[in-house]
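These notes are about the structure you will find just below.
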Amino acid sequence: MRNLILSEILQEYDELRTREREALRQRENHVTETIPEIAVLRRTIIELMARRSLEIIKNPNLSGQTIDELEKKINELKERERDLLIQHGLPPDYLSMHYRCPQCEDTGYRGDIIKEKCSCLIQKLVERTYQLSDIKELDRENFDTFDPEVFPDAPIEGSKLTQREYMIQLKNRLMDYAKKFPDNRRKTILFSGKTGLGKTFLLNCMAKTILNMGYTVMRISAYKLFNQLFLSALQDNEENQFLFNCLFEVDALIIDDLGTETQRNNFTSEDLFNILNERFTQEKHTFLSTNLGLAELKDRYSDRIASRLFDTSNTILIKFVGQDIRLRARN
Ligand SMILES: Nc1ncnc2c1ncn2[C@@H]1O[C@H](COP(=O)(O)OP(=O)(O)O)[C@@H](O)[C@H]1O
Ligand SMILES: [Mg+2]
């Protein structure tokens, strides 16, 4: 999916540059037709630039009086060209390429030798993925807005830590994990615990960080996912095909609230197994949350799913414990 979205965006960059080149050509034509002095100037500049290139080839260490002189002359003429443009009521950059992003010159990549994704490209990837990931809360729920104060500073059963300390440790661990993405040894994370313990919030934190690193993320509730899948079994249309592609192709798939979906015989189990298994085989990341306990999960889904999900060589199991912070807020 990431490649699909990426190549689509790069294609748009391509088209943008083509359009800009064409617009520049028309501006050049307009100027050479209407301001003959600039036309002469531009021909001279081009000649001088060609001579400079020749000199550089003859004299690759870039020293030498001729090159310096040519350089100086070119700059003077360009200066003169800009003045003339202004005199004729045109903007000084009228005869330059107009880039939306001067940093990557609308190629999406920066750097001469080592190419890096430009932030404008990352932004586009993020926006595209937001669309398909149904994530709107990410500006409110991310590692920067994580507030330890919402968790009670009271000890939790079976631990030396308070709920707040536990959540701070968990946050730090997940931040490390997200920073290392996608080079994590274990690619599946399962959050298990009752409602109101901050599971969805932390899933959103992960989503935001990974998106901002330029990867694709799809976040969907189990309820919505399995409804969609159920419908797609009834009708095979393009939209459903896209859903399937996303489920298998996104860099990180986040399924929230596993266990809240409508149960339809073995249907959910089969689909869930296929998704988990395919992503496991492709070494892709899947993050899930559930309100069910592990035993309940085992009961509800097939043994095959349980063994996939609870295989600790690939899954990090994280238990959420303590008091429901939603109830706490109301007190
Ligand atoms: N670390 C946090 N900082 C600020 N608010 C939080 C934090 N964790 C959870 N919340 C808020 O508390 C409420 C419950 O959290 P949520 O993540 O939905 O719990 P769960 O998914 O476990 O039911 C939400 O309104 C959420 O925005
Ligand atoms: Mg939740």
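Simple scheme: letters A, B, ... for chains in structure tokens order, numbers from 1 for residues in each chain, numbers from 1 for ligands in the order shown.
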Could you produce a table of the residues of chain A lying within 6 Å of ligand 2, with the nearest pair of atoms per residue and their separation in Å rounded to one decimal, using only C-alpha atoms and all ligand atoms, ordered by chain and increasing residue number, as a Markdown table?
```
| residue | atom | partner | partner_atom_place_in_ligand_line | distance |
| --- | --- | --- | --- | --- |
| A:Lys199 | CA | ligand 2 | 1 (Mg) | 5.5 |
| A:Thr200 | CA | ligand 2 | 1 (Mg) | 4.1 |
| A:Asp257 | CA | ligand 2 | 1 (Mg) | 6.0 |
```
Any residue with an atom at most 10 Å from ligand 1 counts, using only C-alpha atoms and all ligand atoms. Which are they? Put them as a ChimeraX atom specification. /A:137,140-151,164,167-168,171,191-205,256-257,289-291,320-321,324-329
Please dump the current selection as a PDB file, in the first residue's frame; keep C-alpha atoms.
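Wrote it out as again_4.pdb, contents follow:
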```pdb
ATOM      1  CA  GLU A 137      -7.809  12.260  16.969  1.00  0.00           C
ATOM      2  CA  ARG A 140      -5.134  15.414  20.330  1.00  0.00           C
ATOM      3  CA  GLU A 141      -3.734  11.981  21.153  1.00  0.00           C
ATOM      4  CA  ASN A 142      -0.019  11.614  20.598  1.00  0.00           C
ATOM      5  CA  PHE A 143       3.163  11.180  22.609  1.00  0.00           C
ATOM      6  CA  ASP A 144       3.477  14.951  23.019  1.00  0.00           C
ATOM      7  CA  THR A 145       0.032  15.293  24.546  1.00  0.00           C
ATOM      8  CA  PHE A 146       0.370  12.169  26.725  1.00  0.00           C
ATOM      9  CA  ASP A 147      -0.530  13.375  30.209  1.00  0.00           C
ATOM     10  CA  PRO A 148       0.580  11.115  33.096  1.00  0.00           C
ATOM     11  CA  GLU A 149      -1.617  13.108  35.485  1.00  0.00           C
ATOM     12  CA  VAL A 150      -4.770  11.476  34.138  1.00  0.00           C
ATOM     13  CA  PHE A 151      -3.676   8.219  35.762  1.00  0.00           C
ATOM     14  CA  ARG A 164       0.845   6.474  36.770  1.00  0.00           C
ATOM     15  CA  MET A 167       1.903   4.120  32.296  1.00  0.00           C
ATOM     16  CA  ILE A 168       4.968   6.371  32.126  1.00  0.00           C
ATOM     17  CA  LYS A 171       4.843   5.172  27.225  1.00  0.00           C
ATOM     18  CA  PHE A 191      -2.902  -4.360  24.416  1.00  0.00           C
ATOM     19  CA  SER A 192      -5.254  -6.127  26.760  1.00  0.00           C
ATOM     20  CA  GLY A 193      -7.289  -4.556  29.552  1.00  0.00           C
ATOM     21  CA  LYS A 194     -10.622  -3.114  30.571  1.00  0.00           C
ATOM     22  CA  THR A 195     -12.025   0.094  29.107  1.00  0.00           C
ATOM     23  CA  GLY A 196     -10.763   3.486  30.151  1.00  0.00           C
ATOM     24  CA  LEU A 197      -7.154   2.498  30.772  1.00  0.00           C
ATOM     25  CA  GLY A 198      -5.599   4.421  27.893  1.00  0.00           C
ATOM     26  CA  LYS A 199      -5.229   1.713  25.240  1.00  0.00           C
ATOM     27  CA  THR A 200      -6.713   3.636  22.339  1.00  0.00           C
ATOM     28  CA  PHE A 201      -4.744   6.716  23.342  1.00  0.00           C
ATOM     29  CA  LEU A 202      -1.459   4.824  23.153  1.00  0.00           C
ATOM     30  CA  LEU A 203      -2.397   3.205  19.848  1.00  0.00           C
ATOM     31  CA  ASN A 204      -2.953   6.709  18.502  1.00  0.00           C
ATOM     32  CA  CYS A 205       0.440   7.815  19.826  1.00  0.00           C
ATOM     33  CA  ASP A 256      -8.815  -1.338  18.052  1.00  0.00           C
ATOM     34  CA  ASP A 257     -11.311  -3.001  20.400  1.00  0.00           C
ATOM     35  CA  SER A 289      -6.228  -3.723  21.551  1.00  0.00           C
ATOM     36  CA  THR A 290      -8.869  -5.771  23.302  1.00  0.00           C
ATOM     37  CA  ASN A 291     -11.100  -5.487  26.317  1.00  0.00           C
ATOM     38  CA  PHE A 320      -3.353  -2.506  31.049  1.00  0.00           C
ATOM     39  CA  VAL A 321      -4.305  -2.461  34.707  1.00  0.00           C
ATOM     40  CA  ASP A 324     -10.864   3.397  34.634  1.00  0.00           C
ATOM     41  CA  ILE A 325      -9.729   6.989  34.083  1.00  0.00           C
ATOM     42  CA  ARG A 326     -13.020   7.952  32.508  1.00  0.00           C
ATOM     43  CA  LEU A 327     -14.830   7.174  35.753  1.00  0.00           C
ATOM     44  CA  ARG A 328     -12.113   8.971  37.641  1.00  0.00           C
ATOM     45  CA  ALA A 329     -12.545  12.135  35.591  1.00  0.00           C
TER      46      ALA A 329
END
```
Which one is closest to Ser269 (chain A): A:Ile35, A:Ala306, A:Ile46, A:Leu16? Count only C-alpha atoms.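 When distances to Ser269 (chain A) are compared using only C-alpha atoms, the smallest one comes from A:Ala306.
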Extract, using only C-alpha atoms, all DNA, RNA and protein residues at most 12 Å from Tyr13 (chain A), discarding same-chain residues fewer than 2 positions from it, and format them as a PyMOL selection string. chain A and resi 6-11+15-20+99-101+104-109+120-121+124
Quick one: everything within 12 Å of Pro91 (chain A), counting only C-alpha atoms, minus sequence neighbours fewer than 6 positions away in the same chain. Send it as a PDB file with C-alpha atoms, in the first residue's frame.
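Output (selection_19.pdb):
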```
ATOM      1  CA  ARG A  27       6.733  32.909 -19.918  1.00  0.00           C
ATOM      2  CA  VAL A  31       9.282  37.752 -22.764  1.00  0.00           C
ATOM      3  CA  GLU A  81      17.755  40.640 -16.659  1.00  0.00           C
ATOM      4  CA  ARG A  82      16.009  40.899 -13.294  1.00  0.00           C
ATOM      5  CA  ASP A  83      16.141  44.708 -13.467  1.00  0.00           C
ATOM      6  CA  LEU A  84      14.638  44.677 -16.935  1.00  0.00           C
ATOM      7  CA  LEU A  85      11.842  42.355 -15.811  1.00  0.00           C
ATOM      8  CA  HIS A  98       8.379  28.165  -9.708  1.00  0.00           C
TER       9      HIS A  98
END
```
Using only C-alpha atoms: which of A:Gln26, A:Asn277, A:Ser313, A:Thr216 has the shortest distance to Ile5 (chain A):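 Nearest candidate to Ile5 (chain A) out of A:Gln26, A:Asn277, A:Ser313, A:Thr216: A:Thr216.
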Apply DSSP to the structure's backbone, then extract all residues of region 6-147 of chain A labelled helix (DSSP H, G or I) and return them as a ChimeraX atom specification. /A:6-34,36-58,65-87,119-133,137-139
